[in-house]
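Enquirer: What follows is protein10.cif, made up of mmCIF, C-alpha atoms and all ligand atoms:
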data_protein
#
loop_
_atom_site.group_PDB
_atom_site.id
_atom_site.type_symbol
_atom_site.label_atom_id
_atom_site.label_comp_id
_atom_site.auth_asym_id
_atom_site.auth_seq_id
_atom_site.Cartn_x
_atom_site.Cartn_y
_atom_site.Cartn_z
ATOM 1 C CA MET A 1 -114.230 34.733 9.197
ATOM 2 C CA GLU A 2 -110.459 34.712 9.812
ATOM 3 C CA ASP A 3 -108.798 31.410 10.629
ATOM 4 C CA GLU A 4 -106.121 32.143 13.275
ATOM 5 C CA ALA A 5 -103.867 29.140 12.558
ATOM 6 C CA ALA A 6 -104.037 29.841 8.827
ATOM 7 C CA ALA A 7 -103.220 33.520 9.406
ATOM 8 C CA SER A 8 -100.192 32.583 11.515
ATOM 9 C CA TRP A 9 -98.811 30.140 8.894
ATOM 10 C CA SER A 10 -99.572 32.653 6.137
ATOM 11 C CA SER A 11 -97.634 35.449 7.848
ATOM 12 C CA GLY A 12 -94.806 32.954 8.559
ATOM 13 C CA PHE A 13 -94.542 32.285 4.815
ATOM 14 C CA ALA A 14 -94.684 36.008 4.052
ATOM 15 C CA SER A 15 -91.705 36.776 6.301
ATOM 16 C CA ALA A 16 -89.669 33.577 5.763
ATOM 17 C CA SER A 17 -86.080 33.740 4.536
ATOM 18 C CA VAL A 18 -84.898 32.249 1.262
ATOM 19 C CA ASP A 19 -82.790 29.739 3.252
ATOM 20 C CA ALA A 20 -85.861 28.486 5.114
ATOM 21 C CA MET A 21 -87.900 28.142 1.926
ATOM 22 C CA GLN A 22 -84.991 26.435 0.161
ATOM 23 C CA ALA A 23 -85.509 23.394 2.431
ATOM 24 C CA TYR A 24 -89.103 23.246 1.144
ATOM 25 C CA ASP A 25 -87.894 23.358 -2.452
ATOM 26 C CA ASP A 26 -85.087 20.845 -1.945
ATOM 27 C CA ILE A 27 -87.076 18.198 -0.088
ATOM 28 C CA PHE A 28 -90.764 18.621 -0.876
ATOM 29 C CA VAL A 29 -91.000 19.806 -4.466
ATOM 30 C CA SER A 30 -89.658 16.900 -6.518
ATOM 31 C CA GLY A 31 -90.867 14.172 -4.132
ATOM 32 C CA LEU A 32 -94.308 15.479 -3.257
ATOM 33 C CA PHE A 33 -95.568 18.622 -4.946
ATOM 34 C CA ILE A 34 -94.589 17.857 -8.566
ATOM 35 C CA PRO A 35 -96.367 14.469 -8.589
ATOM 36 C CA TRP A 36 -99.472 16.115 -7.108
ATOM 37 C CA ALA A 37 -99.262 19.051 -9.545
ATOM 38 C CA ASN A 38 -99.414 16.617 -12.462
ATOM 39 C CA VAL A 39 -102.544 15.031 -10.975
ATOM 40 C CA LEU A 40 -104.225 18.451 -10.772
ATOM 41 C CA LEU A 41 -103.170 19.597 -14.259
ATOM 42 C CA ASP A 42 -104.336 16.273 -15.764
ATOM 43 C CA GLU A 43 -107.679 16.627 -14.001
ATOM 44 C CA LEU A 44 -108.091 20.142 -15.432
ATOM 45 C CA GLY A 45 -107.001 19.088 -18.937
ATOM 46 C CA VAL A 46 -104.705 22.105 -19.283
ATOM 47 C CA ALA A 47 -104.062 22.465 -23.036
ATOM 48 C CA PRO A 48 -101.705 24.302 -25.416
ATOM 49 C CA GLY A 49 -102.451 28.013 -25.833
ATOM 50 C CA GLU A 50 -104.302 28.441 -22.531
ATOM 51 C CA SER A 51 -103.684 31.088 -19.875
ATOM 52 C CA VAL A 52 -103.119 29.753 -16.350
ATOM 53 C CA LEU A 53 -102.955 31.483 -12.972
ATOM 54 C CA ASP A 54 -101.278 29.584 -10.101
ATOM 55 C CA VAL A 55 -102.362 31.086 -6.756
ATOM 56 C CA ALA A 56 -99.922 30.416 -3.853
ATOM 57 C CA CYS A 57 -97.421 29.217 -6.452
ATOM 58 C CA GLY A 58 -94.574 28.840 -3.938
ATOM 59 C CA PRO A 59 -91.333 28.005 -5.769
ATOM 60 C CA GLY A 60 -93.249 27.689 -9.055
ATOM 61 C CA THR A 61 -94.197 24.016 -8.771
ATOM 62 C CA VAL A 62 -97.500 23.975 -10.695
ATOM 63 C CA THR A 63 -96.577 27.191 -12.530
ATOM 64 C CA ARG A 64 -93.629 25.623 -14.344
ATOM 65 C CA LEU A 65 -95.446 22.418 -15.275
ATOM 66 C CA ALA A 66 -98.375 24.511 -16.556
ATOM 67 C CA ALA A 67 -96.003 26.637 -18.653
ATOM 68 C CA ALA A 68 -94.653 23.484 -20.325
ATOM 69 C CA ARG A 69 -98.194 22.232 -20.991
ATOM 70 C CA VAL A 70 -99.617 25.457 -22.468
ATOM 71 C CA GLY A 71 -96.506 25.988 -24.618
ATOM 72 C CA ARG A 72 -95.273 29.157 -26.278
ATOM 73 C CA ARG A 73 -98.760 30.318 -27.296
ATOM 74 C CA GLY A 74 -99.924 30.116 -23.680
ATOM 75 C CA ARG A 75 -99.478 32.457 -20.737
ATOM 76 C CA VAL A 76 -98.788 31.646 -17.081
ATOM 77 C CA THR A 77 -98.819 33.753 -13.916
ATOM 78 C CA GLY A 78 -97.557 32.557 -10.537
ATOM 79 C CA ALA A 79 -98.850 34.534 -7.536
ATOM 80 C CA ASP A 80 -97.605 34.206 -3.955
ATOM 81 C CA ILE A 81 -97.343 36.241 -0.758
ATOM 82 C CA SER A 82 -93.764 35.075 -0.057
ATOM 83 C CA ALA A 83 -90.957 37.081 -1.651
ATOM 84 C CA SER A 84 -88.564 34.257 -0.736
ATOM 85 C CA MET A 85 -90.639 31.586 -2.484
ATOM 86 C CA LEU A 86 -90.850 33.821 -5.553
ATOM 87 C CA ALA A 87 -87.085 34.434 -5.486
ATOM 88 C CA ILE A 88 -86.523 30.657 -5.572
ATOM 89 C CA ALA A 89 -89.073 30.291 -8.404
ATOM 90 C CA LYS A 90 -87.439 33.044 -10.449
ATOM 91 C CA GLY A 91 -83.973 31.537 -9.912
ATOM 92 C CA LYS A 92 -84.909 28.284 -11.660
ATOM 93 C CA PRO A 93 -83.880 27.611 -15.277
ATOM 94 C CA ALA A 94 -86.344 28.779 -17.935
ATOM 95 C CA VAL A 95 -89.072 26.313 -18.880
ATOM 96 C CA GLU A 96 -89.498 25.186 -22.484
ATOM 97 C CA GLY A 97 -92.954 26.680 -22.997
ATOM 98 C CA ALA A 98 -94.880 29.798 -22.021
ATOM 99 C CA ALA A 99 -93.199 32.808 -20.458
ATOM 100 C CA ILE A 100 -93.948 32.994 -16.714
ATOM 101 C CA GLU A 101 -94.790 36.171 -14.851
ATOM 102 C CA TYR A 102 -94.441 36.046 -11.056
ATOM 103 C CA VAL A 103 -96.494 38.436 -8.900
ATOM 104 C CA GLU A 104 -95.977 39.045 -5.166
ATOM 105 C CA THR A 105 -99.503 39.292 -3.787
ATOM 106 C CA SER A 106 -101.844 37.928 -1.157
ATOM 107 C CA ALA A 107 -104.631 35.625 -2.349
ATOM 108 C CA ALA A 108 -107.202 38.227 -1.232
ATOM 109 C CA PRO A 109 -106.938 40.865 -2.494
ATOM 110 C CA LEU A 110 -105.241 39.214 -5.479
ATOM 111 C CA ALA A 111 -103.289 41.576 -7.716
ATOM 112 C CA VAL A 112 -104.232 40.119 -11.115
ATOM 113 C CA GLU A 113 -106.562 41.205 -13.913
ATOM 114 C CA SER A 114 -110.241 40.210 -13.941
ATOM 115 C CA GLY A 115 -111.557 37.643 -16.454
ATOM 116 C CA ALA A 116 -108.053 37.028 -17.814
ATOM 117 C CA TYR A 117 -107.427 33.289 -17.266
ATOM 118 C CA ASP A 118 -108.729 30.022 -18.738
ATOM 119 C CA VAL A 119 -107.563 28.102 -15.680
ATOM 120 C CA VAL A 120 -106.872 29.014 -12.040
ATOM 121 C CA VAL A 121 -105.068 26.473 -9.846
ATOM 122 C CA CYS A 122 -104.282 26.564 -6.167
ATOM 123 C CA GLN A 123 -102.287 23.592 -4.876
ATOM 124 C CA HIS A 124 -101.945 23.341 -1.082
ATOM 125 C CA GLY A 125 -102.449 27.055 -0.614
ATOM 126 C CA LEU A 126 -106.115 27.533 0.302
ATOM 127 C CA GLN A 127 -105.732 26.059 3.794
ATOM 128 C CA PHE A 128 -103.270 28.843 4.676
ATOM 129 C CA PHE A 129 -105.448 31.751 3.602
ATOM 130 C CA PRO A 130 -106.914 33.692 6.537
ATOM 131 C CA ASP A 131 -110.121 34.328 4.524
ATOM 132 C CA ARG A 132 -110.709 31.403 2.164
ATOM 133 C CA HIS A 133 -114.077 32.638 0.900
ATOM 134 C CA ALA A 134 -112.538 35.969 -0.141
ATOM 135 C CA ALA A 135 -109.688 34.115 -1.869
ATOM 136 C CA LEU A 136 -112.117 31.957 -3.859
ATOM 137 C CA LEU A 137 -114.071 35.061 -4.898
ATOM 138 C CA GLU A 138 -110.794 36.504 -6.187
ATOM 139 C CA MET A 139 -110.033 33.303 -8.147
ATOM 140 C CA HIS A 140 -113.560 33.484 -9.587
ATOM 141 C CA ARG A 141 -112.962 37.098 -10.617
ATOM 142 C CA ALA A 142 -109.653 36.195 -12.314
ATOM 143 C CA LEU A 143 -111.250 33.497 -14.486
ATOM 144 C CA ARG A 144 -112.930 34.239 -17.793
ATOM 145 C CA PRO A 145 -116.575 33.093 -17.930
ATOM 146 C CA GLY A 146 -116.496 29.307 -18.490
ATOM 147 C CA GLY A 147 -112.916 29.069 -17.118
ATOM 148 C CA ARG A 148 -111.841 26.166 -14.853
ATOM 149 C CA LEU A 149 -110.739 26.110 -11.235
ATOM 150 C CA GLY A 150 -108.620 23.384 -9.594
ATOM 151 C CA ILE A 151 -108.016 23.284 -5.829
ATOM 152 C CA ALA A 152 -105.956 20.756 -3.869
ATOM 153 C CA VAL A 153 -105.868 20.627 -0.068
ATOM 154 C CA TRP A 154 -104.409 17.882 2.167
ATOM 155 C CA THR A 155 -106.709 15.480 3.976
ATOM 156 C CA ALA A 156 -106.024 14.780 7.687
ATOM 157 C CA ILE A 157 -102.398 14.522 8.852
ATOM 158 C CA GLU A 158 -103.112 10.927 9.962
ATOM 159 C CA ALA A 159 -103.262 10.036 6.226
ATOM 160 C CA GLN A 160 -99.752 11.503 5.625
ATOM 161 C CA PRO A 161 -97.314 9.321 7.647
ATOM 162 C CA SER A 162 -94.226 11.423 6.838
ATOM 163 C CA PHE A 163 -95.801 14.583 8.278
ATOM 164 C CA LEU A 164 -97.386 12.646 11.137
ATOM 165 C CA GLY A 165 -93.890 11.487 12.130
ATOM 166 C CA LEU A 166 -92.685 15.098 12.323
ATOM 167 C CA MET A 167 -95.744 16.116 14.315
ATOM 168 C CA ARG A 168 -95.077 13.308 16.814
ATOM 169 C CA ALA A 169 -91.422 14.339 17.098
ATOM 170 C CA ILE A 170 -92.486 17.918 17.902
ATOM 171 C CA ALA A 171 -94.985 16.627 20.492
ATOM 172 C CA ASP A 172 -92.275 14.494 22.177
ATOM 173 C CA VAL A 173 -89.613 17.193 22.365
ATOM 174 C CA VAL A 174 -91.387 20.566 22.343
ATOM 175 C CA GLY A 175 -94.895 19.713 23.499
ATOM 176 C CA PRO A 176 -98.443 19.077 22.291
ATOM 177 C CA ASP A 177 -99.394 22.742 21.775
ATOM 178 C CA THR A 178 -96.593 23.341 19.279
ATOM 179 C CA ALA A 179 -97.409 20.014 17.601
ATOM 180 C CA ALA A 180 -101.050 21.121 17.294
ATOM 181 C CA ARG A 181 -99.974 24.463 15.781
ATOM 182 C CA TYR A 182 -97.789 22.576 13.287
ATOM 183 C CA ALA A 183 -100.720 20.410 12.171
ATOM 184 C CA ALA A 184 -103.265 23.244 12.169
ATOM 185 C CA GLY A 185 -101.670 24.876 9.117
ATOM 186 C CA PRO A 186 -101.319 22.476 6.175
ATOM 187 C CA TRP A 187 -103.772 19.944 7.700
ATOM 188 C CA GLY A 188 -106.171 22.443 9.219
ATOM 189 C CA PHE A 189 -108.829 22.409 6.509
ATOM 190 C CA THR A 190 -109.384 18.769 5.650
ATOM 191 C CA SER A 191 -113.115 18.280 5.129
ATOM 192 C CA LEU A 192 -113.984 17.565 1.483
ATOM 193 C CA THR A 193 -117.602 18.570 2.151
ATOM 194 C CA ASP A 194 -116.539 21.939 3.591
ATOM 195 C CA LEU A 195 -114.189 22.535 0.668
ATOM 196 C CA GLU A 196 -116.919 21.730 -1.850
ATOM 197 C CA ALA A 197 -119.364 24.030 -0.030
ATOM 198 C CA LEU A 198 -116.814 26.846 -0.026
ATOM 199 C CA VAL A 199 -116.312 26.540 -3.792
ATOM 200 C CA VAL A 200 -120.074 26.471 -4.416
ATOM 201 C CA GLY A 201 -120.475 29.448 -2.049
ATOM 202 C CA ALA A 202 -118.040 31.501 -4.137
ATOM 203 C CA GLY A 203 -120.329 31.139 -7.181
ATOM 204 C CA PHE A 204 -118.629 28.286 -9.073
ATOM 205 C CA THR A 205 -120.658 25.745 -11.061
ATOM 206 C CA ASP A 206 -120.053 22.133 -12.241
ATOM 207 C CA VAL A 207 -118.281 21.426 -8.952
ATOM 208 C CA ARG A 208 -116.660 17.966 -8.694
ATOM 209 C CA ALA A 209 -114.976 16.874 -5.469
ATOM 210 C CA ARG A 210 -112.962 13.763 -4.663
ATOM 211 C CA GLU A 211 -110.187 12.422 -2.467
ATOM 212 C CA GLN A 212 -107.064 10.806 -3.930
ATOM 213 C CA SER A 213 -104.075 8.980 -2.461
ATOM 214 C CA LEU A 214 -100.566 8.877 -3.875
ATOM 215 C CA ASP A 215 -97.422 7.099 -2.675
ATOM 216 C CA VAL A 216 -94.499 9.519 -2.597
ATOM 217 C CA VAL A 217 -90.748 9.271 -2.003
ATOM 218 C CA PHE A 218 -88.486 11.846 -0.317
ATOM 219 C CA GLU A 219 -84.735 11.662 -0.801
ATOM 220 C CA GLY A 220 -82.887 10.914 2.430
ATOM 221 C CA ASP A 221 -83.820 9.737 5.899
ATOM 222 C CA GLY A 222 -85.944 11.150 8.725
ATOM 223 C CA ALA A 223 -83.152 13.397 10.015
ATOM 224 C CA ARG A 224 -82.906 15.103 6.619
ATOM 225 C CA TYR A 225 -86.704 15.354 6.413
ATOM 226 C CA ALA A 226 -86.641 17.258 9.715
ATOM 227 C CA ASP A 227 -84.925 20.123 7.823
ATOM 228 C CA THR A 228 -88.355 20.960 6.373
ATOM 229 C CA LEU A 229 -89.440 22.216 9.813
ATOM 230 C CA ALA A 230 -87.506 25.400 8.963
ATOM 231 C CA ALA A 231 -90.160 26.048 6.304
ATOM 232 C CA SER A 232 -93.074 25.435 8.676
ATOM 233 C CA GLY A 233 -95.346 27.788 10.581
ATOM 234 C CA VAL A 234 -93.696 26.782 13.877
ATOM 235 C CA ALA A 235 -90.157 27.566 12.648
ATOM 236 C CA SER A 236 -89.839 30.644 14.872
ATOM 237 C CA GLU A 237 -90.813 28.585 17.974
ATOM 238 C CA LEU A 238 -88.335 25.853 17.055
ATOM 239 C CA ALA A 239 -85.612 28.480 16.532
ATOM 240 C CA GLN A 240 -85.816 29.198 20.298
ATOM 241 C CA LEU A 241 -84.758 25.631 21.195
ATOM 242 C CA SER A 242 -81.318 25.009 22.660
ATOM 243 C CA ALA A 243 -78.791 23.171 20.491
ATOM 244 C CA GLU A 244 -79.379 20.102 22.668
ATOM 245 C CA ASP A 245 -83.155 20.189 22.160
ATOM 246 C CA CYS A 246 -82.697 20.760 18.426
ATOM 247 C CA GLN A 247 -80.672 17.556 18.295
ATOM 248 C CA ARG A 248 -83.343 15.744 20.351
ATOM 249 C CA LEU A 249 -85.934 16.900 17.816
ATOM 250 C CA VAL A 250 -83.904 15.572 14.881
ATOM 251 C CA ASP A 251 -83.358 12.281 16.731
ATOM 252 C CA ALA A 252 -87.075 12.011 17.500
ATOM 253 C CA ALA A 253 -87.938 12.666 13.826
ATOM 254 C CA ASP A 254 -85.440 9.993 12.810
ATOM 255 C CA ARG A 255 -86.993 7.525 15.285
ATOM 256 C CA HIS A 256 -90.612 8.202 14.254
ATOM 257 C CA LEU A 257 -89.813 8.107 10.536
ATOM 258 C CA ARG A 258 -87.466 5.089 10.527
ATOM 259 C CA PRO A 259 -90.285 2.625 9.665
ATOM 260 C CA LEU A 260 -90.812 4.593 6.422
ATOM 261 C CA VAL A 261 -87.157 4.442 5.274
ATOM 262 C CA ARG A 262 -86.202 1.958 2.554
ATOM 263 C CA ASP A 263 -82.959 2.098 0.532
ATOM 264 C CA GLY A 264 -82.022 5.354 2.271
ATOM 265 C CA ASN A 265 -85.193 7.205 1.186
ATOM 266 C CA LEU A 266 -88.462 7.988 2.922
ATOM 267 C CA HIS A 267 -91.546 6.300 1.420
ATOM 268 C CA SER A 268 -94.910 7.657 2.488
ATOM 269 C CA ALA A 269 -98.563 7.642 1.536
ATOM 270 C CA SER A 270 -100.149 11.046 0.984
ATOM 271 C CA ALA A 271 -103.780 11.998 0.446
ATOM 272 C CA THR A 272 -105.418 15.091 -0.977
ATOM 273 C CA ASN A 273 -108.876 16.514 -1.486
ATOM 274 C CA ILE A 274 -109.292 17.789 -5.026
ATOM 275 C CA VAL A 275 -112.088 20.055 -6.248
ATOM 276 C CA VAL A 276 -112.513 21.188 -9.833
ATOM 277 C CA ALA A 277 -115.212 23.633 -10.943
ATOM 278 C CA ARG A 278 -116.106 26.290 -13.503
ATOM 279 C CA ARG A 279 -116.900 29.944 -13.475
ATOM 280 C CA GLY A 280 -120.404 29.982 -14.952
ATOM 281 C CA ALA A 281 -120.758 31.310 -18.489
ATOM 282 C CA THR A 282 -122.948 34.130 -17.198
ATOM 283 C CA ILE A 283 -121.445 36.450 -14.615
ATOM 284 C CA PRO A 284 -123.380 36.324 -11.317
HETATM 285 C C1 LIG B 301 -97.378 24.526 0.856
HETATM 286 S S1 LIG B 301 -96.889 25.881 -0.123
HETATM 287 C C2 LIG B 301 -97.542 25.390 -1.708
HETATM 288 C C3 LIG B 301 -96.778 26.028 -2.832
HETATM 289 C C4 LIG B 301 -97.071 25.516 -4.228
HETATM 290 N N1 LIG B 301 -98.451 25.666 -4.599
HETATM 291 C C5 LIG B 301 -96.599 24.103 -4.426
HETATM 292 O O1 LIG B 301 -97.407 23.277 -4.844
HETATM 293 O O2 LIG B 301 -95.408 23.828 -4.202
HETATM 294 C C6 LIG B 301 -98.029 27.138 0.382
HETATM 295 C C7 LIG B 301 -97.802 28.459 -0.299
HETATM 296 O O3 LIG B 301 -98.872 29.327 0.062
HETATM 297 C C8 LIG B 301 -98.359 30.652 0.122
HETATM 298 N N2 LIG B 301 -99.279 31.471 0.907
HETATM 299 C C9 LIG B 301 -99.578 31.341 2.215
HETATM 300 N N3 LIG B 301 -100.473 32.281 2.584
HETATM 301 C C10 LIG B 301 -100.754 33.016 1.483
HETATM 302 C C11 LIG B 301 -101.626 34.108 1.223
HETATM 303 N N4 LIG B 301 -102.394 34.626 2.188
HETATM 304 N N5 LIG B 301 -101.671 34.621 -0.027
HETATM 305 C C12 LIG B 301 -100.904 34.085 -1.011
HETATM 306 N N6 LIG B 301 -100.058 33.047 -0.829
HETATM 307 C C13 LIG B 301 -99.990 32.507 0.402
HETATM 308 C C14 LIG B 301 -97.024 30.465 0.796
HETATM 309 O O4 LIG B 301 -96.158 31.561 0.648
HETATM 310 C C15 LIG B 301 -96.524 29.186 0.106
HETATM 311 O O5 LIG B 301 -95.751 29.495 -1.016
#
For this file, write the structure as structure tokens.
Ligand SMILES: C[S@@+](CC[C@H](N)C(=O)[O-])C[C@H]1O[C@@H](n2cnc3c(N)ncnc32)[C@H](O)[C@@H]1O
Expert:
Amino acid sequence: MEDEAAASWSSGFASASVDAMQAYDDIFVSGLFIPWANVLLDELGVAPGESVLDVACGPGTVTRLAAARVGRRGRVTGADISASMLAIAKGKPAVEGAAIEYVETSAAPLAVESGAYDVVVCQHGLQFFPDRHAALLEMHRALRPGGRLGIAVWTAIEAQPSFLGLMRAIADVVGPDTAARYAAGPWGFTSLTDLEALVVGAGFTDVRAREQSLDVVFEGDGARYADTLAASGVASELAQLSAEDCQRLVDAADRHLRPLVRDGNLHSASATNIVVARRGATIP
């Protein structure tokens, strides 16, 4: 069944400009997504010589770390629906390690070979897919028998104070409906039990599910952090605001996030559901 909020965020990513996605890369990647990517790759025990597929790779966050881990004998593919995200990924300096191939594709259907990967990862992508079951079936198809899957999806927005601050700023200035649409994307699929059931339902075995917390740091204050709204699923609504209301939104973000600022940077807890699993050795 299609998830409407996910579909709306997903199509927002697909049509976003490079400028909008650059704010994501500049503010989120080093502070938030790289630390989480290392957690996921450690959990999966990604090793030299392996082939890795990163679904919803964005600006190549997990992709590039995986390429360094698998080394020159390995192979890495980054797949994403957003041409702008892929343009940012491709513009980064080469990684010391495996060559990376980037593919512009939806998660379902997923334009990669069947049975070709030792590992498939999807970090903070699954919640945006309009049909998550179909996407997991595609990840299953891409894995070789016995291959490993690693999925990471945020827990509730209440466990992520930096994002909660932005949601509250949107509610204050734009209204509760837009705030709800903001939260319904990244934090719209937060049940660990549902995630585990979805992975089992797609035919995976040896499924292990857990929640983890990590303290993260974003460079700059709340006003700078508000720039990331340009890379959100409500960006087109926020683009309709008057210059005055835009400033009110930045001020509200600054006010809500001020308690998190120390030494000029934003310090926040973050929490993620992580599921790892295998494609069974026999093909169902
Ligand atoms: C929050 S970003 C995560 C990116 C990356 N995994 C990371 O850790 O930085 C979500 C990504 O999902 C991608 N995405 C959203 N809907 C998609 C879909 N239906 N198929 C493939 N990718 C999708 C977006 O373009 C975006 O790059």
Enquirer: Could you give me the centre and size, in Å to one decimal, of an axis-aligned box around all listed atoms of ligand LIG 301 (chain B) with 3 Å added on every side, as JSON?
Expert:
{"center_x": -98.9, "center_y": 29.0, "center_z": -1.1, "size_x": 13.0, "size_y": 17.3, "size_z": 13.4}
Enquirer: Just how far from atom CA of A:Thr190 is atom CA of A:Gly146, in Å to one decimal?
Expert: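 Taking atom CA of A:Gly146 as the start and atom CA of A:Thr190 as the end point, the length is 27.3 Å.
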Enquirer: Starting from the shown file, work through the PyMOL selection byres (((not hetatm)) within 8 of (chain B and resi 301)) and note down what comes out as a PDB file with C-alpha atoms, keeping the file's coordinate frame.
Expert:
ATOM      1  CA  ALA A   6    -104.037  29.841   8.827  1.00  0.00           C
ATOM      2  CA  ALA A   7    -103.220  33.520   9.406  1.00  0.00           C
ATOM      3  CA  TRP A   9     -98.811  30.140   8.894  1.00  0.00           C
ATOM      4  CA  SER A  10     -99.572  32.653   6.137  1.00  0.00           C
ATOM      5  CA  SER A  11     -97.634  35.449   7.848  1.00  0.00           C
ATOM      6  CA  PHE A  13     -94.542  32.285   4.815  1.00  0.00           C
ATOM      7  CA  ALA A  14     -94.684  36.008   4.052  1.00  0.00           C
ATOM      8  CA  ASP A  25     -87.894  23.358  -2.452  1.00  0.00           C
ATOM      9  CA  PHE A  28     -90.764  18.621  -0.876  1.00  0.00           C
ATOM     10  CA  VAL A  29     -91.000  19.806  -4.466  1.00  0.00           C
ATOM     11  CA  PHE A  33     -95.568  18.622  -4.946  1.00  0.00           C
ATOM     12  CA  ILE A  34     -94.589  17.857  -8.566  1.00  0.00           C
ATOM     13  CA  TRP A  36     -99.472  16.115  -7.108  1.00  0.00           C
ATOM     14  CA  ALA A  37     -99.262  19.051  -9.545  1.00  0.00           C
ATOM     15  CA  ASP A  54    -101.278  29.584 -10.101  1.00  0.00           C
ATOM     16  CA  VAL A  55    -102.362  31.086  -6.756  1.00  0.00           C
ATOM     17  CA  ALA A  56     -99.922  30.416  -3.853  1.00  0.00           C
ATOM     18  CA  CYS A  57     -97.421  29.217  -6.452  1.00  0.00           C
ATOM     19  CA  GLY A  58     -94.574  28.840  -3.938  1.00  0.00           C
ATOM     20  CA  PRO A  59     -91.333  28.005  -5.769  1.00  0.00           C
ATOM     21  CA  GLY A  60     -93.249  27.689  -9.055  1.00  0.00           C
ATOM     22  CA  THR A  61     -94.197  24.016  -8.771  1.00  0.00           C
ATOM     23  CA  VAL A  62     -97.500  23.975 -10.695  1.00  0.00           C
ATOM     24  CA  ALA A  79     -98.850  34.534  -7.536  1.00  0.00           C
ATOM     25  CA  ASP A  80     -97.605  34.206  -3.955  1.00  0.00           C
ATOM     26  CA  ILE A  81     -97.343  36.241  -0.758  1.00  0.00           C
ATOM     27  CA  SER A  82     -93.764  35.075  -0.057  1.00  0.00           C
ATOM     28  CA  ALA A  83     -90.957  37.081  -1.651  1.00  0.00           C
ATOM     29  CA  MET A  85     -90.639  31.586  -2.484  1.00  0.00           C
ATOM     30  CA  LEU A  86     -90.850  33.821  -5.553  1.00  0.00           C
ATOM     31  CA  THR A 105     -99.503  39.292  -3.787  1.00  0.00           C
ATOM     32  CA  SER A 106    -101.844  37.928  -1.157  1.00  0.00           C
ATOM     33  CA  ALA A 107    -104.631  35.625  -2.349  1.00  0.00           C
ATOM     34  CA  ALA A 108    -107.202  38.227  -1.232  1.00  0.00           C
ATOM     35  CA  LEU A 110    -105.241  39.214  -5.479  1.00  0.00           C
ATOM     36  CA  CYS A 122    -104.282  26.564  -6.167  1.00  0.00           C
ATOM     37  CA  GLN A 123    -102.287  23.592  -4.876  1.00  0.00           C
ATOM     38  CA  HIS A 124    -101.945  23.341  -1.082  1.00  0.00           C
ATOM     39  CA  GLY A 125    -102.449  27.055  -0.614  1.00  0.00           C
ATOM     40  CA  LEU A 126    -106.115  27.533   0.302  1.00  0.00           C
ATOM     41  CA  PHE A 128    -103.270  28.843   4.676  1.00  0.00           C
ATOM     42  CA  PHE A 129    -105.448  31.751   3.602  1.00  0.00           C
ATOM     43  CA  PRO A 130    -106.914  33.692   6.537  1.00  0.00           C
ATOM     44  CA  PRO A 186    -101.319  22.476   6.175  1.00  0.00           C
TER      45      PRO A 186
END
Enquirer: Please evaluate the PyMOL selection byres (((chain A and resi 148-164) around 8) and not hetatm) against the displayed coordinates and give the resulting residues as a ChimeraX atom specification.
Expert: /A:40,44,118-127,139,143,146-147,165-168,183,186-192,211,257,260,266-279
Enquirer: Point out the residue among A:Val173, A:Leu53, A:Leu41, A:Ala223 with the least atom-to-atom distance to A:Val261, counting all atoms listed in the file.
Expert: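 Selected residue with least distance to A:Val261: A:Ala223.
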Enquirer: Figure out the distance between atom CA of A:Ser51 and atom CA of A:Tyr117, please, to one decimal in Å.
Expert: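 Result for atom CA of A:Tyr117 versus atom CA of A:Ser51: 5.1 Å, one decimal.
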Enquirer: Please list as a VMD selection string every residue within 10 Å of A:Val199, counting only C-alpha atoms and excluding residues in the same chain fewer than 2 positions away.
Expert: chain A and resid 132 to 133 136 to 137 140 149 151 194 to 197 201 to 205 207 to 209 275 to 278
Enquirer: Could you write those residues out with C-alpha atoms, as a PDB file, in the coordinates of the input?
Expert:
ATOM      1  CA  ARG A 132    -110.709  31.403   2.164  1.00  0.00           C
ATOM      2  CA  HIS A 133    -114.077  32.638   0.900  1.00  0.00           C
ATOM      3  CA  LEU A 136    -112.117  31.957  -3.859  1.00  0.00           C
ATOM      4  CA  LEU A 137    -114.071  35.061  -4.898  1.00  0.00           C
ATOM      5  CA  HIS A 140    -113.560  33.484  -9.587  1.00  0.00           C
ATOM      6  CA  LEU A 149    -110.739  26.110 -11.235  1.00  0.00           C
ATOM      7  CA  ILE A 151    -108.016  23.284  -5.829  1.00  0.00           C
ATOM      8  CA  ASP A 194    -116.539  21.939   3.591  1.00  0.00           C
ATOM      9  CA  LEU A 195    -114.189  22.535   0.668  1.00  0.00           C
ATOM     10  CA  GLU A 196    -116.919  21.730  -1.850  1.00  0.00           C
ATOM     11  CA  ALA A 197    -119.364  24.030  -0.030  1.00  0.00           C
ATOM     12  CA  GLY A 201    -120.475  29.448  -2.049  1.00  0.00           C
ATOM     13  CA  ALA A 202    -118.040  31.501  -4.137  1.00  0.00           C
ATOM     14  CA  GLY A 203    -120.329  31.139  -7.181  1.00  0.00           C
ATOM     15  CA  PHE A 204    -118.629  28.286  -9.073  1.00  0.00           C
ATOM     16  CA  THR A 205    -120.658  25.745 -11.061  1.00  0.00           C
ATOM     17  CA  VAL A 207    -118.281  21.426  -8.952  1.00  0.00           C
ATOM     18  CA  ARG A 208    -116.660  17.966  -8.694  1.00  0.00           C
ATOM     19  CA  ALA A 209    -114.976  16.874  -5.469  1.00  0.00           C
ATOM     20  CA  VAL A 275    -112.088  20.055  -6.248  1.00  0.00           C
ATOM     21  CA  VAL A 276    -112.513  21.188  -9.833  1.00  0.00           C
ATOM     22  CA  ALA A 277    -115.212  23.633 -10.943  1.00  0.00           C
ATOM     23  CA  ARG A 278    -116.106  26.290 -13.503  1.00  0.00           C
TER      24      ARG A 278
END
Enquirer: Counting all atoms listed in the file, figure out which residue out of A:Gly12, A:Gly222, A:Gly97, A:Gly233 gets nearest to A:Ala47.
Expert: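 Among the listed residues, the smallest separation from A:Ala47 belongs to A:Gly97.
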